[in-house]
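Trainee: Dropping the structure in here first, questions after.
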There are 2 protein chains.
Amino acid sequence: MGEFDLIRRYFQRLPASGVEVGVGDDCAVLVPTPGARWLVSSDMLVEGRHFLSTVDPARLGHKALAVNLSDLAACGATPRGFTLALALPRVDDAWLAGFARGLWGLADASGCPLVGGDTTQGPLNLCITVFGEAPPGQALLRSGARVGDEVWVSGRLGDARLALEVFRGTVALEGAGFDSVRAAMECPTPRLALGQALRGIATAAVDVSDGLLGDLGHILAASGVGARLDVDALPRSAVLAAQPAVMQHQCLLAGGDDYELVFTAPPGASLPDVGVALTRIGRIEAQPGLRVVDGGGTAVEHGLRSFDHFKS
Amino acid sequence: MGEFDLIRRYFQRLPASGVEVGVGDDCAVLVPTPGARWLVSSDMLVEGRHFLSTVDPARLGHKALAVNLSDLAACGATPRGFTLALALPRVDDAWLAGFARGLWGLADASGCPLVGGDTTQGPLNLCITVFGEAPPGQALLRSGARVGDEVWVSGRLGDARLALEVFRGTVALEGAGFDSVRAAMECPTPRLALGQALRGIATAAVDVSDGLLGDLGHILAASGVGARLDVDALPRSAVLAAQPAVMQHQCLLAGGDDYELVFTAPPGASLPDVGVALTRIGRIEAQPGLRVVDGGGTAVEHGLRSFDHFKS
């Protein structure tokens, strides 16, 4: 099977609504919503770095798009489409069929059509670029947090990192507990509805991809503020809560791969109910830096930092 | 140097005009021109496949963006911005500084700012996604060629492939001749002004990336027509013209990496003068398929095909 057959078989469909020209020309042509801003984000996933070679290809297809949609969610954008560039060591039909099934499943569920891309031979690498829209002035940015705002997080943190530790052999876990944290790692849910519902409510937002400390740190740096974070308030699964405190802190604070939204909002803000749990985990303060405390307000020594692709 | 220092040092600048939020948030935020269509294209470059490990990093930075801008040119789009996702085996400051210099040089010359992206560790891989705009109904597509249209090409074909053959050791060439074909391979010029000037004039267009036969073939397939192509009319450099006929045909017809525009237009169309040579190389016919003939109209046997990433 050649390059163009591969594209036709797995990645080409009739153009979706709002897409004048989809896969198959030099460019895709999309129709912007009048007056809307255009939001763009790009993420690259490398085998051995972002996923294990043994991962179910359908879950990988889902995750490759999910981590990109999570950036749109963090900005409160409505998805409009994405491109996929794919380097493959070889053409493996079973792998491609699974990958495409996972990818299209999330694309369809998110109203975000594949509009173009590239395929080439090379070490396995997935690069997705997503496009979305938001009304002028309503994109959620990292820079709007104000002193006194509360810090909130969606869903639960830490399960993806716990699963990674199981794969690394540092944690022993099997059965349903392992299945659930493995699903958190391999099949994250981008919080698109929440992000859109937070337009005009949240003052700043970010998605947790590299770890809570670092990602919340981006909000603090961009907003020129500090924060106090209650580690005991951080939402976690029963599986993670059964681990020793040190492992819990590692997974919650510096885990990464969570794809939950961390956002700030003024006290008393009317937060949206889109079927995702929201937990208050801290408060924005004038003093720079991030102070991690326990439920009693005592400082927690953790010695953790977020993931850095060129430092860890 | 960590991931975020790397981004700040080489890839972050103040947002350009029309860019509300650039590098440094979860998404970039761009302001579309009212009424315009949004055009998107993505290309991935892999070491050893699309470029040699010995290439000057500034030329690689230029080329990585050029091959993407060439897709915008083929659609007649005005560039608005691009994202860069970069997998690097390690942080090499000299390499990054050169790469960024070449990349920004072409970005500035093309009015196409870097607005976002991703960096990660992994086998060297460059994925760029470009965004541009065109008025509704004026994007140049592959599907509009009509029987009787003339087939035109910009610039010259074949030098990039000739340079590749020198690197492969199948052709001996040195001095100024080698320098010029090497520059064609490593430093192509996207035909942006030509593409925009062809709006409303060309009936179909494509850029020559995989080879003239294959890329013109895309126009024929999408338009449901055939063509006659005069191989003697194909524009070529004096360096290429000094090669044996078989090598000339190889480079001209199936070379690839040219990034010239091939387009169709009705006879007598008033073609734009943007300082790029335009050469008439054939005619669209009703009979399906592509017939390659010499200047006397005699069929030329070539046995060539375009580049396919999973077949060659």
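Each chain of the structure tokens is named A, B, ... in the order shown, its residues numbered from 1; ligands are numbered from 1 in display order.
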Starting from chain B, keep only residues with some atom at most 7 Å from an atom of chain A, counting only C-alpha atoms, and report them as a PDB file with C-alpha atoms, in the first residue's frame.
Mentor:
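For reference, part_21.pdb as written:
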```pdb
ATOM      1  CA  GLY B   2      15.282  23.251  29.692  1.00  0.00           C
ATOM      2  CA  GLU B   3      12.319  23.070  27.382  1.00  0.00           C
ATOM      3  CA  ASP B  25      -0.179  30.098  26.150  1.00  0.00           C
ATOM      4  CA  ASP B  26      -2.103  26.857  25.557  1.00  0.00           C
ATOM      5  CA  CYS B  27      -3.255  28.178  22.187  1.00  0.00           C
ATOM      6  CA  ALA B  28      -2.343  31.041  19.909  1.00  0.00           C
ATOM      7  CA  VAL B  29      -5.185  33.464  19.197  1.00  0.00           C
ATOM      8  CA  LEU B  30      -5.417  34.943  15.690  1.00  0.00           C
ATOM      9  CA  VAL B  31      -7.796  37.517  14.224  1.00  0.00           C
ATOM     10  CA  PRO B  32      -9.213  36.271  10.901  1.00  0.00           C
ATOM     11  CA  PRO B  34     -13.638  39.251   7.945  1.00  0.00           C
ATOM     12  CA  ARG B  37     -11.635  31.529   4.171  1.00  0.00           C
ATOM     13  CA  TRP B  38      -9.038  29.872   6.379  1.00  0.00           C
ATOM     14  CA  LEU B  39      -6.484  27.607   4.678  1.00  0.00           C
ATOM     15  CA  VAL B  40      -4.416  25.031   6.533  1.00  0.00           C
ATOM     16  CA  SER B  41      -1.599  22.683   5.589  1.00  0.00           C
ATOM     17  CA  SER B  42       0.866  20.521   7.514  1.00  0.00           C
ATOM     18  CA  ASP B  43       4.162  18.879   6.514  1.00  0.00           C
ATOM     19  CA  MET B  44       6.530  16.720   8.516  1.00  0.00           C
ATOM     20  CA  VAL B  46      12.281  13.505   8.984  1.00  0.00           C
ATOM     21  CA  ASP B  71       1.251  24.536  -0.087  1.00  0.00           C
ATOM     22  CA  LEU B  72      -0.291  27.907   0.755  1.00  0.00           C
ATOM     23  CA  ALA B  74      -0.365  26.419  -4.481  1.00  0.00           C
ATOM     24  CA  CYS B  75      -3.770  27.414  -3.083  1.00  0.00           C
ATOM     25  CA  THR B  83       3.142  26.401  14.388  1.00  0.00           C
ATOM     26  CA  ALA B  85       6.593  21.062  16.574  1.00  0.00           C
ATOM     27  CA  GLY B 116       2.970  28.348  18.718  1.00  0.00           C
ATOM     28  CA  GLY B 117       4.153  24.780  18.791  1.00  0.00           C
ATOM     29  CA  ASP B 118       5.801  22.105  20.830  1.00  0.00           C
ATOM     30  CA  THR B 120      10.152  17.365  22.812  1.00  0.00           C
ATOM     31  CA  GLN B 121      13.040  14.950  22.927  1.00  0.00           C
ATOM     32  CA  GLY B 122      13.136  12.303  20.203  1.00  0.00           C
ATOM     33  CA  PRO B 123      14.565  11.406  16.797  1.00  0.00           C
ATOM     34  CA  CYS B 127       6.379  19.346  11.831  1.00  0.00           C
ATOM     35  CA  THR B 129       1.450  23.648  10.180  1.00  0.00           C
ATOM     36  CA  LEU B 141      -7.683  23.840  -6.006  1.00  0.00           C
ATOM     37  CA  ARG B 142      -6.574  20.762  -7.919  1.00  0.00           C
ATOM     38  CA  VAL B 206      -0.463  22.254  -7.260  1.00  0.00           C
ATOM     39  CA  ASP B 308       5.925   7.707  -2.637  1.00  0.00           C
ATOM     40  CA  HIS B 309       7.024   7.546   0.983  1.00  0.00           C
ATOM     41  CA  PHE B 310       5.925   3.932   1.369  1.00  0.00           C
ATOM     42  CA  LYS B 311       6.787   2.552  -2.053  1.00  0.00           C
TER      43      LYS B 311
END
```
Trainee: Please provide as a ChimeraX atom specification all residues within 8 Å of Gly158 (chain B), with the sequence filter that same-chain residues fewer than 2 positions apart are discarded (counting only C-alpha atoms).
Mentor: /B:156,160-162,236,240,248,251-253,255-256,258
Trainee: How would the residues just chosen look if you wrote them out with C-alpha atoms as a PDB file, in the first residue's frame?
Mentor:
```pdb
ATOM      1  CA  ARG B 156      12.835  25.629 -13.216  1.00  0.00           C
ATOM      2  CA  ALA B 160      16.959  19.617  -6.394  1.00  0.00           C
ATOM      3  CA  ARG B 161      16.891  16.049  -7.626  1.00  0.00           C
ATOM      4  CA  LEU B 162      20.171  16.511  -9.463  1.00  0.00           C
ATOM      5  CA  ARG B 236      15.776  23.579 -16.650  1.00  0.00           C
ATOM      6  CA  LEU B 240      20.868  20.114 -15.593  1.00  0.00           C
ATOM      7  CA  GLN B 248      17.404  15.111 -17.259  1.00  0.00           C
ATOM      8  CA  CYS B 251      15.083  15.006 -12.564  1.00  0.00           C
ATOM      9  CA  LEU B 252      12.458  16.951 -14.516  1.00  0.00           C
ATOM     10  CA  LEU B 253       9.625  14.450 -14.474  1.00  0.00           C
ATOM     11  CA  GLY B 255      12.502  14.658  -9.230  1.00  0.00           C
ATOM     12  CA  GLY B 256      10.415  16.293  -6.578  1.00  0.00           C
ATOM     13  CA  ASP B 258      11.084  21.595  -6.648  1.00  0.00           C
TER      14      ASP B 258
END
```
Trainee: Counting only C-alpha atoms, figure out which residue out of A:Ala193, A:Leu198, A:Ala97, A:Ala241 gets nearest to Gly177 (chain A).
Mentor: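 Closest candidate: A:Ala241.
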Trainee: Report as a list in words all protein, DNA and RNA residues lying within 8 Å of region 183-188 of chain B, evaluated on only C-alpha atoms, omitting residues in the same chain fewer than 2 positions from it.
Mentor: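 Returned residues: Val55, Arg59, Leu60, His62, Lys63, Ala66, Val67, Asp159, Ala160, Arg161, Ala163, Leu164, Asp179, Ser180, Val181, Pro190, Asp257, Asp258 and Tyr259 of chain B.
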Trainee: Considering only C-alpha atoms, can you say which of A:His302, A:Arg228, A:Arg168, A:Arg199 comes closest to Pro272 (chain A)?
Mentor: A:Arg199
Trainee: Taking the DSSP secondary structure from the backbone, can you list the residues of region 100-301 of chain B that are helix (DSSP H, G or I), as a short mmCIF file (atom, residue, chain, number, x, y, z; two decimals) with C-alpha atoms, in the first residue's frame?
Mentor:
```cif
data_model
loop_
_atom_site.label_atom_id
_atom_site.label_comp_id
_atom_site.auth_asym_id
_atom_site.auth_seq_id
_atom_site.Cartn_x
_atom_site.Cartn_y
_atom_site.Cartn_z
CA ALA B 100 15.96 29.53 14.16
CA ARG B 101 17.83 32.07 12.00
CA GLY B 102 16.80 30.32 8.78
CA LEU B 103 13.26 29.81 10.00
CA TRP B 104 12.71 33.41 11.11
CA GLY B 105 14.37 34.75 7.98
CA LEU B 106 11.77 33.18 5.74
CA ALA B 107 8.95 33.82 8.24
CA ASP B 108 9.77 37.54 8.24
CA ALA B 109 10.19 37.69 4.46
CA SER B 110 6.82 35.97 4.02
CA ASP B 159 17.88 20.89 -9.86
CA ALA B 160 16.96 19.62 -6.39
CA ARG B 161 16.89 16.05 -7.63
CA LEU B 162 20.17 16.51 -9.46
CA ALA B 163 21.75 17.64 -6.19
CA LEU B 164 20.36 14.55 -4.46
CA GLU B 165 21.94 12.37 -7.14
CA VAL B 166 25.29 14.05 -6.46
CA PHE B 167 24.93 13.23 -2.76
CA ARG B 168 23.99 9.67 -3.73
CA GLY B 175 32.09 23.94 -7.92
CA ALA B 176 29.49 26.57 -8.80
CA GLY B 177 27.30 24.05 -10.62
CA PHE B 178 26.99 21.91 -7.52
CA ASP B 179 26.46 24.94 -5.29
CA SER B 180 23.54 26.11 -7.40
CA VAL B 181 21.70 22.79 -7.51
CA ARG B 182 22.43 22.23 -3.82
CA ALA B 183 20.84 25.59 -3.06
CA ALA B 184 17.78 24.54 -5.06
CA MET B 185 17.50 21.42 -2.90
CA GLU B 186 18.23 22.99 0.46
CA LEU B 192 3.59 32.92 -2.60
CA ALA B 193 3.25 36.08 -4.71
CA LEU B 194 2.60 34.01 -7.82
CA GLY B 195 -0.05 31.90 -6.11
CA GLN B 196 -1.92 34.96 -4.87
CA ALA B 197 -1.65 36.64 -8.29
CA LEU B 212 5.96 16.67 -11.84
CA LEU B 213 4.33 13.46 -13.10
CA GLY B 214 2.70 12.68 -9.78
CA ASP B 215 1.77 16.21 -8.83
CA LEU B 216 0.30 17.08 -12.23
CA GLY B 217 -1.38 13.69 -11.95
CA HIS B 218 -3.19 14.96 -8.84
CA ILE B 219 -4.68 17.80 -10.91
CA LEU B 220 -5.74 15.37 -13.64
CA ALA B 221 -7.34 12.94 -11.18
CA ALA B 222 -9.12 15.67 -9.21
CA SER B 223 -10.31 17.40 -12.40
CA VAL B 231 9.26 17.21 -21.99
CA ASP B 232 11.45 19.39 -24.22
CA ALA B 233 9.61 22.49 -23.02
CA ALA B 238 22.19 24.97 -17.74
CA VAL B 239 23.68 22.60 -15.16
CA LEU B 240 20.87 20.11 -15.59
CA ALA B 241 20.81 20.62 -19.38
CA ALA B 245 18.89 12.92 -21.44
CA VAL B 246 17.92 10.03 -19.14
CA MET B 247 19.12 11.94 -16.08
CA GLN B 248 17.40 15.11 -17.26
CA HIS B 249 14.11 13.25 -17.66
CA GLN B 250 14.51 11.64 -14.24
CA CYS B 251 15.08 15.01 -12.56
CA LEU B 252 12.46 16.95 -14.52
CA LEU B 253 9.62 14.45 -14.47
CA ALA B 254 10.07 12.57 -11.23
#
```
Trainee: For the structure I just gave you, how does DSSP split region 2-224 of chain B - specifically, which residues are strand (DSSP E)? Reply as a ChimeraX atom specification.
Mentor: /B:19-21,28-30,37-46,78-88,114-121,125-134,150-154,204-207
Trainee: With C-alpha atoms retained, could you export that selection as a PDB file, in the first residue's frame?
Mentor:
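Generated output (result_10.pdb):
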```pdb
ATOM      1  CA  VAL B  19      -1.871  37.723  16.406  1.00  0.00           C
ATOM      2  CA  GLU B  20      -3.584  38.472  19.738  1.00  0.00           C
ATOM      3  CA  VAL B  21      -1.731  35.746  21.616  1.00  0.00           C
ATOM      4  CA  ALA B  28      -2.343  31.041  19.909  1.00  0.00           C
ATOM      5  CA  VAL B  29      -5.185  33.464  19.197  1.00  0.00           C
ATOM      6  CA  LEU B  30      -5.417  34.943  15.690  1.00  0.00           C
ATOM      7  CA  ARG B  37     -11.635  31.529   4.171  1.00  0.00           C
ATOM      8  CA  TRP B  38      -9.038  29.872   6.379  1.00  0.00           C
ATOM      9  CA  LEU B  39      -6.484  27.607   4.678  1.00  0.00           C
ATOM     10  CA  VAL B  40      -4.416  25.031   6.533  1.00  0.00           C
ATOM     11  CA  SER B  41      -1.599  22.683   5.589  1.00  0.00           C
ATOM     12  CA  SER B  42       0.866  20.521   7.514  1.00  0.00           C
ATOM     13  CA  ASP B  43       4.162  18.879   6.514  1.00  0.00           C
ATOM     14  CA  MET B  44       6.530  16.720   8.516  1.00  0.00           C
ATOM     15  CA  LEU B  45      10.274  16.486   7.769  1.00  0.00           C
ATOM     16  CA  VAL B  46      12.281  13.505   8.984  1.00  0.00           C
ATOM     17  CA  THR B  78      -1.927  34.816   1.958  1.00  0.00           C
ATOM     18  CA  PRO B  79       0.126  33.468   4.925  1.00  0.00           C
ATOM     19  CA  ARG B  80      -1.113  34.351   8.434  1.00  0.00           C
ATOM     20  CA  GLY B  81       1.007  32.210  10.757  1.00  0.00           C
ATOM     21  CA  PHE B  82       2.492  28.827  11.549  1.00  0.00           C
ATOM     22  CA  THR B  83       3.142  26.401  14.388  1.00  0.00           C
ATOM     23  CA  LEU B  84       6.355  24.404  14.777  1.00  0.00           C
ATOM     24  CA  ALA B  85       6.593  21.062  16.574  1.00  0.00           C
ATOM     25  CA  LEU B  86      10.147  19.932  16.992  1.00  0.00           C
ATOM     26  CA  ALA B  87      11.578  16.647  18.259  1.00  0.00           C
ATOM     27  CA  LEU B  88      15.288  16.957  19.037  1.00  0.00           C
ATOM     28  CA  LEU B 114       5.509  31.666  14.349  1.00  0.00           C
ATOM     29  CA  VAL B 115       2.544  31.566  16.752  1.00  0.00           C
ATOM     30  CA  GLY B 116       2.970  28.348  18.718  1.00  0.00           C
ATOM     31  CA  GLY B 117       4.153  24.780  18.791  1.00  0.00           C
ATOM     32  CA  ASP B 118       5.801  22.105  20.830  1.00  0.00           C
ATOM     33  CA  THR B 119       9.282  20.832  21.637  1.00  0.00           C
ATOM     34  CA  THR B 120      10.152  17.365  22.812  1.00  0.00           C
ATOM     35  CA  GLN B 121      13.040  14.950  22.927  1.00  0.00           C
ATOM     36  CA  ASN B 125      11.550  15.539  13.351  1.00  0.00           C
ATOM     37  CA  LEU B 126      10.108  18.873  12.247  1.00  0.00           C
ATOM     38  CA  CYS B 127       6.379  19.346  11.831  1.00  0.00           C
ATOM     39  CA  ILE B 128       5.088  22.701  10.665  1.00  0.00           C
ATOM     40  CA  THR B 129       1.450  23.648  10.180  1.00  0.00           C
ATOM     41  CA  VAL B 130       0.726  26.841   8.231  1.00  0.00           C
ATOM     42  CA  PHE B 131      -2.413  28.970   8.179  1.00  0.00           C
ATOM     43  CA  GLY B 132      -3.402  31.379   5.456  1.00  0.00           C
ATOM     44  CA  GLU B 133      -6.378  33.155   4.014  1.00  0.00           C
ATOM     45  CA  ALA B 134      -8.079  33.606   0.646  1.00  0.00           C
ATOM     46  CA  GLU B 150      -2.804  25.137 -20.996  1.00  0.00           C
ATOM     47  CA  VAL B 151      -0.427  23.704 -18.391  1.00  0.00           C
ATOM     48  CA  TRP B 152       2.200  26.073 -16.967  1.00  0.00           C
ATOM     49  CA  VAL B 153       5.069  25.786 -14.536  1.00  0.00           C
ATOM     50  CA  SER B 154       6.987  28.444 -12.614  1.00  0.00           C
ATOM     51  CA  ALA B 204      -6.178  24.496 -10.985  1.00  0.00           C
ATOM     52  CA  ALA B 205      -2.814  24.485  -9.237  1.00  0.00           C
ATOM     53  CA  VAL B 206      -0.463  22.254  -7.260  1.00  0.00           C
ATOM     54  CA  ASP B 207       3.097  22.592  -6.021  1.00  0.00           C
TER      55      ASP B 207
END
```
Trainee: Hey, which of B:Thr264, B:Leu157, B:Thr170, B:Gly289 ends up closest to Pro235 (chain B)? Count only C-alpha atoms.
Mentor: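 Of B:Thr264, B:Leu157, B:Thr170, B:Gly289, the one nearest Pro235 (chain B) is B:Leu157, counting only C-alpha atoms.
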Trainee: What is the distance, in Å and to one decimal place, between CA of Thr203 (chain B) and CA of Pro113 (chain A)?
Mentor: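 For CA of Thr203 (chain B) relative to CA of Pro113 (chain A), the distance reads 27.2 Å.
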Trainee: What does the distance between CA of Ile284 (chain B) and CA of Ser237 (chain B) come to in Å, to one decimal place?
Mentor: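 Taking CA of Ile284 (chain B) and CA of Ser237 (chain B), their separation equals 25.5 Å.
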Trainee: What does the distance from CA of Ser270 (chain A) to CA of Gly148 (chain A) come to in Å, to one decimal?
Mentor: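 Separation of CA of Ser270 (chain A) and CA of Gly148 (chain A): 15.8 Å.
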